[in-house]
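Reviewing the structure listed below.
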Amino acid sequence: MTSIASNLQIDSTRLWDTIHETAKFGLTAKGGVRRLTLGPEDKQVRDWFRAACEAAGLQVHVDGLGSMFALRKGRDMSKLPVGLGSHLDTQPTGGKFDGVLGTLAALEVVRTLNDAGIETETPLCIVNWTNEEGSRFAPAMMGSAAYVGDFTTENILGRKDAEGVSVAEALDGIGYRGQESVGAQKLGAFIELHIEQGPILEAEAKTIGVVDHGQGIIWYDGRITGFESHAGSTPMPLRRDALAALSEIVLAVERIARELGPNAVGTVGEAVIAKPSRNVIPGEIAFTVDCRSNDDTVMDALDKNLRLAAAEIGRRRNVEVTIDLVWRKAPTHFDKTLVDAVETATRELGYSNRRITSGAGHDSCNLNTAIPAAMIFVPCKDGVSHNELEDATQPDCTAGANVLLHTVLSLAGVASK
Ligand SMILES: [Zn+2]
């Protein structure tokens, strides 16, 4: 690499100003952002993003689900572009950084290369994926899931929000149903910068998380059927108390995840008593379980141990326990070559770092099933995100963008003059 390229740094002030400039599209009173996918604020930020990309000399095109691709030519146009980016939609009470940082840092990378007059060997393509958050339309990470073929475009176009508006209607409403068929813009690799959305980097005072895994997820719907009877006249040994059984299951989930730790977590997040009454022993309860790990064998053990524990508790307490699997997503093992490239760039820039697992889902997890993908994490304040209080420091965002720049340069190569 030429020394100009190897010493290159992004413009920290420009990146920071850009993040705060776009935060005005959906800014909330508490300083967060409300920018639901395909709504009016999403249209505003998309229009801004398109104009900024075009001003940077990029060719912008939009696919049939509204995902935006901004292409920067490389010397060798026969090569598949290196993709970089994230998403610009937010949660209903979201922050300024989730998704936004990765998309705008990608723009900053291109602006930096433009300023330095650097042409890459391989073309680059900035991507803004439609509906990463999933709060208006399900599923989350919709654009990237369709891109890799998990859903057909027609299937996604028919999905409706709570008001009955379909994805197709919402796309047409903001003028972002593009001509290009989903998946047509091929990418050779994808790199995404993102805030950690967890507390680890901050607690360890590390600047960069080199993301090597994404959590696998198992969701269950559970039901316990006991017998409703009088709270005063039913002796303790004769009871078939569904809530007492659930209490044991909740503690079993906690114990199992701890025993399989540190790379395992388990949560009973919902529990509903069918006909609650203060003087009736609960007879029927519906509940959910969420288990996660970055390791396939731990996932299997979580599943097996949960089922064994539930069956034992049900037998002993004479209640019926059913545990139905509703969703299982395998752990993501990010592409080794790309993860190494992120780590090398981080070390060469001299930033403190550690390998890390992503606890949240990301577009890159979907993409990694079809093309090599990797992620770069930077700390966020108190590990908080999906919250208006979400915050990150300018030096950390700058460091993350510099790692993105040099990872992309190492993958795309600098064209010799
Ligand atoms: Zn995100």
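Ligands are numbered from 1 in the order shown, chains are lettered A, B, ... in the order of the structure tokens, and residues start at 1 in each chain.
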- Item | For Gly32 of chain A: contacts at 12 Å, only C-alpha atoms, fewer than 2 positions along chain excluded, given as number ranges by chain | A: 20, 22-30, 34-35, 90-98, 385-391
- Task: Report the residues of segment 71-288 of chain A whose backbone DSSP state falls under strand (DSSP E), written as a ChimeraX atom specification.
- Result: /A:71-72,82-86,124-128,189-195,208-214,216-225,229-230,264-267,271-273,280-281,284-288
- Message: When you look at segment 188-197 of chain A with a cut-off of 7 Å (counting only C-alpha atoms), what residues show up, excluding the ones that are within fewer than 5 positions of it in the same chain? I need them as a ChimeraX atom specification.
- Response: /A:80-86,97-99,101-102,364,371-380,383-385,400,404
Residues near Glu254 of chain A, anyone? I mean within 9 Å using only C-alpha atoms, not counting same-chain ones fewer than 2 positions away, as a PDB file with N, CA, C and O atoms, in the first residue's frame.
ATOM      1  N   ILE A 249     -39.556 -23.346  36.731  1.00  0.00           N
ATOM      2  CA  ILE A 249     -39.009 -23.328  35.365  1.00  0.00           C
ATOM      3  C   ILE A 249     -38.149 -22.079  35.142  1.00  0.00           C
ATOM      4  O   ILE A 249     -37.074 -22.136  34.546  1.00  0.00           O
ATOM      5  N   VAL A 250     -38.607 -20.951  35.653  1.00  0.00           N
ATOM      6  CA  VAL A 250     -37.840 -19.706  35.518  1.00  0.00           C
ATOM      7  C   VAL A 250     -36.459 -19.875  36.161  1.00  0.00           C
ATOM      8  O   VAL A 250     -35.434 -19.521  35.565  1.00  0.00           O
ATOM      9  N   LEU A 251     -36.445 -20.466  37.359  1.00  0.00           N
ATOM     10  CA  LEU A 251     -35.158 -20.657  38.040  1.00  0.00           C
ATOM     11  C   LEU A 251     -34.310 -21.712  37.328  1.00  0.00           C
ATOM     12  O   LEU A 251     -33.086 -21.619  37.313  1.00  0.00           O
ATOM     13  N   ALA A 252     -34.981 -22.697  36.707  1.00  0.00           N
ATOM     14  CA  ALA A 252     -34.237 -23.717  35.957  1.00  0.00           C
ATOM     15  C   ALA A 252     -33.551 -23.087  34.742  1.00  0.00           C
ATOM     16  O   ALA A 252     -32.391 -23.386  34.442  1.00  0.00           O
ATOM     17  N   ILE A 256     -29.610 -23.294  34.202  1.00  0.00           N
ATOM     18  CA  ILE A 256     -29.066 -23.966  33.008  1.00  0.00           C
ATOM     19  C   ILE A 256     -28.142 -23.019  32.238  1.00  0.00           C
ATOM     20  O   ILE A 256     -27.040 -23.394  31.833  1.00  0.00           O
ATOM     21  N   ALA A 257     -28.584 -21.767  32.053  1.00  0.00           N
ATOM     22  CA  ALA A 257     -27.765 -20.813  31.304  1.00  0.00           C
ATOM     23  C   ALA A 257     -26.466 -20.506  32.054  1.00  0.00           C
ATOM     24  O   ALA A 257     -25.397 -20.399  31.450  1.00  0.00           O
ATOM     25  N   ARG A 258     -26.564 -20.390  33.373  1.00  0.00           N
ATOM     26  CA  ARG A 258     -25.341 -20.151  34.165  1.00  0.00           C
ATOM     27  C   ARG A 258     -24.386 -21.327  34.055  1.00  0.00           C
ATOM     28  O   ARG A 258     -23.171 -21.146  33.902  1.00  0.00           O
ATOM     29  N   GLU A 259     -24.922 -22.539  34.157  1.00  0.00           N
ATOM     30  CA  GLU A 259     -24.072 -23.733  34.095  1.00  0.00           C
ATOM     31  C   GLU A 259     -23.374 -23.861  32.747  1.00  0.00           C
ATOM     32  O   GLU A 259     -22.260 -24.351  32.661  1.00  0.00           O
ATOM     33  N   VAL A 265     -27.096 -17.481  27.537  1.00  0.00           N
ATOM     34  CA  VAL A 265     -28.044 -16.688  28.324  1.00  0.00           C
ATOM     35  C   VAL A 265     -29.443 -17.265  28.107  1.00  0.00           C
ATOM     36  O   VAL A 265     -29.733 -17.839  27.056  1.00  0.00           O
ATOM     37  N   GLY A 266     -30.274 -17.131  29.134  1.00  0.00           N
ATOM     38  CA  GLY A 266     -31.646 -17.641  29.033  1.00  0.00           C
ATOM     39  C   GLY A 266     -32.589 -16.724  29.788  1.00  0.00           C
ATOM     40  O   GLY A 266     -32.250 -16.220  30.857  1.00  0.00           O
ATOM     41  N   THR A 267     -33.773 -16.471  29.209  1.00  0.00           N
ATOM     42  CA  THR A 267     -34.709 -15.500  29.776  1.00  0.00           C
ATOM     43  C   THR A 267     -36.149 -15.976  29.616  1.00  0.00           C
ATOM     44  O   THR A 267     -36.543 -16.366  28.514  1.00  0.00           O
ATOM     45  N   VAL A 268     -36.931 -15.926  30.694  1.00  0.00           N
ATOM     46  CA  VAL A 268     -38.384 -16.041  30.572  1.00  0.00           C
ATOM     47  C   VAL A 268     -38.902 -14.608  30.574  1.00  0.00           C
ATOM     48  O   VAL A 268     -38.873 -13.937  31.602  1.00  0.00           O
TER      49      VAL A 268
END
- Using only C-alpha atoms and all ligand atoms, which of A:Asp295, A:Asp150, A:Glu204, A:Glu132 sits nearest ligand 1?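 Distance minimum relative to ligand 1 lands on A:Glu132.
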- Query: Near Ala203 of chain A, counting only C-alpha atoms, which residues have an atom at most 10 Å away, once you skip same-chain residues fewer than 2 positions from it, shown as a list in words?
  - Reply: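 Neighbouring residues, sequence-local ones excluded: Gly198, Pro199, Ile200, Leu201, Ala205, Lys206, Pro379, Lys381, Asp382 and Gly383 of chain A.
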- Lys43 of chain A: which residues within 10 Å, counting only C-alpha atoms, same-chain residues fewer than 5 positions away excluded, as a list in words?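 Final neighbour list, sorted by chain and number: Phe25, Arg35, Leu36, Thr37, Leu38, Trp48, Phe49, Asp89, Leu171, Gly173, Ile174, Gly175 and Tyr176 of chain A.
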Let's have the selection written as an mmCIF file, in the first residue's frame, with N, CA and C atoms.
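Done, and the output landed in result.cif:
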data_model
loop_
_atom_site.group_PDB
_atom_site.id
_atom_site.type_symbol
_atom_site.label_atom_id
_atom_site.label_comp_id
_atom_site.auth_asym_id
_atom_site.auth_seq_id
_atom_site.Cartn_x
_atom_site.Cartn_y
_atom_site.Cartn_z
ATOM 1 N N PHE A 25 -33.615 14.434 11.496
ATOM 2 C CA PHE A 25 -34.752 13.751 10.866
ATOM 3 C C PHE A 25 -35.352 12.765 11.874
ATOM 4 N N ARG A 35 -37.344 7.256 13.920
ATOM 5 C CA ARG A 35 -37.323 7.224 12.455
ATOM 6 C C ARG A 35 -37.738 5.825 12.016
ATOM 7 N N LEU A 36 -39.049 5.584 12.080
ATOM 8 C CA LEU A 36 -39.563 4.260 11.723
ATOM 9 C C LEU A 36 -39.351 4.005 10.240
ATOM 10 N N THR A 37 -39.047 2.761 9.921
ATOM 11 C CA THR A 37 -38.711 2.434 8.537
ATOM 12 C C THR A 37 -39.848 2.807 7.585
ATOM 13 N N LEU A 38 -39.476 3.390 6.464
ATOM 14 C CA LEU A 38 -40.384 3.750 5.364
ATOM 15 C C LEU A 38 -41.431 4.810 5.747
ATOM 16 N N TRP A 48 -31.576 12.764 1.980
ATOM 17 C CA TRP A 48 -30.313 13.402 2.373
ATOM 18 C C TRP A 48 -29.134 12.497 1.993
ATOM 19 N N PHE A 49 -29.281 11.211 2.310
ATOM 20 C CA PHE A 49 -28.204 10.244 2.066
ATOM 21 C C PHE A 49 -27.922 10.106 0.561
ATOM 22 N N ASP A 89 -32.790 3.386 9.677
ATOM 23 C CA ASP A 89 -34.043 3.410 10.454
ATOM 24 C C ASP A 89 -33.714 3.241 11.932
ATOM 25 N N LEU A 171 -43.474 1.701 0.718
ATOM 26 C CA LEU A 171 -42.388 2.014 -0.229
ATOM 27 C C LEU A 171 -42.875 3.001 -1.286
ATOM 28 N N GLY A 173 -45.338 5.008 -1.020
ATOM 29 C CA GLY A 173 -45.690 6.258 -0.346
ATOM 30 C C GLY A 173 -44.512 7.215 -0.216
ATOM 31 N N ILE A 174 -43.307 6.667 -0.054
ATOM 32 C CA ILE A 174 -42.146 7.561 0.065
ATOM 33 C C ILE A 174 -41.288 7.543 -1.207
ATOM 34 N N GLY A 175 -41.761 6.821 -2.236
ATOM 35 C CA GLY A 175 -41.037 6.812 -3.517
ATOM 36 C C GLY A 175 -39.735 6.035 -3.481
ATOM 37 N N TYR A 176 -39.678 4.974 -2.680
ATOM 38 C CA TYR A 176 -38.434 4.201 -2.599
ATOM 39 C C TYR A 176 -38.615 2.731 -2.968
#
- Rank A:Arg72, A:His87, A:Arg316, A:His406 by their smallest atom-to-atom distance to Ser6 of chain A, using only C-alpha atoms, and report the top residue only. A:His406
- Query: atom CA of Val272 of chain A and atom CA of Arg223 of chain A are how many Å apart?
  - Reply: 9.6 Å
- Can you list, as a list in words, every residue of segment 169-201 of chain A that DSSP puts in helix (DSSP H, G or I)?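 Matching residues, listed in order: Glu169, Ala170, Leu171, Asp172, Gly173, Ile174, Ile200 and Leu201 of chain A.
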- Query: Separation of atom CA of Gly214 of chain A and atom CA of Trp129 of chain A, in Å?
  - Reply: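 Result for atom CA of Gly214 of chain A versus atom CA of Trp129 of chain A: 18.4 Å, one decimal.
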- Go through A:Cys53, A:Ile281, A:Ala140, A:Val211 and flag the residue nearest ligand 1, using only C-alpha atoms and all ligand atoms for the distances. A:Ala140
- Restricting the calculation to only C-alpha atoms, which member of A:Leu113, A:Ala51, A:Ile19, A:Leu306 is positioned closest to Gly74 of chain A?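 For Gly74 of chain A, the nearest of the candidates is A:Leu113.
Computed from the coordinates, the atom CA of Glu119 of chain A to atom CA of Lys73 of chain A distance equals 8.1 Å.
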- Polymer residues at most 10 Å from Thr112 of chain A, only C-alpha atoms, same-chain spacing of 3 or more positions, as a ChimeraX atom specification: /A:8-11,56,106-109,115-118,405
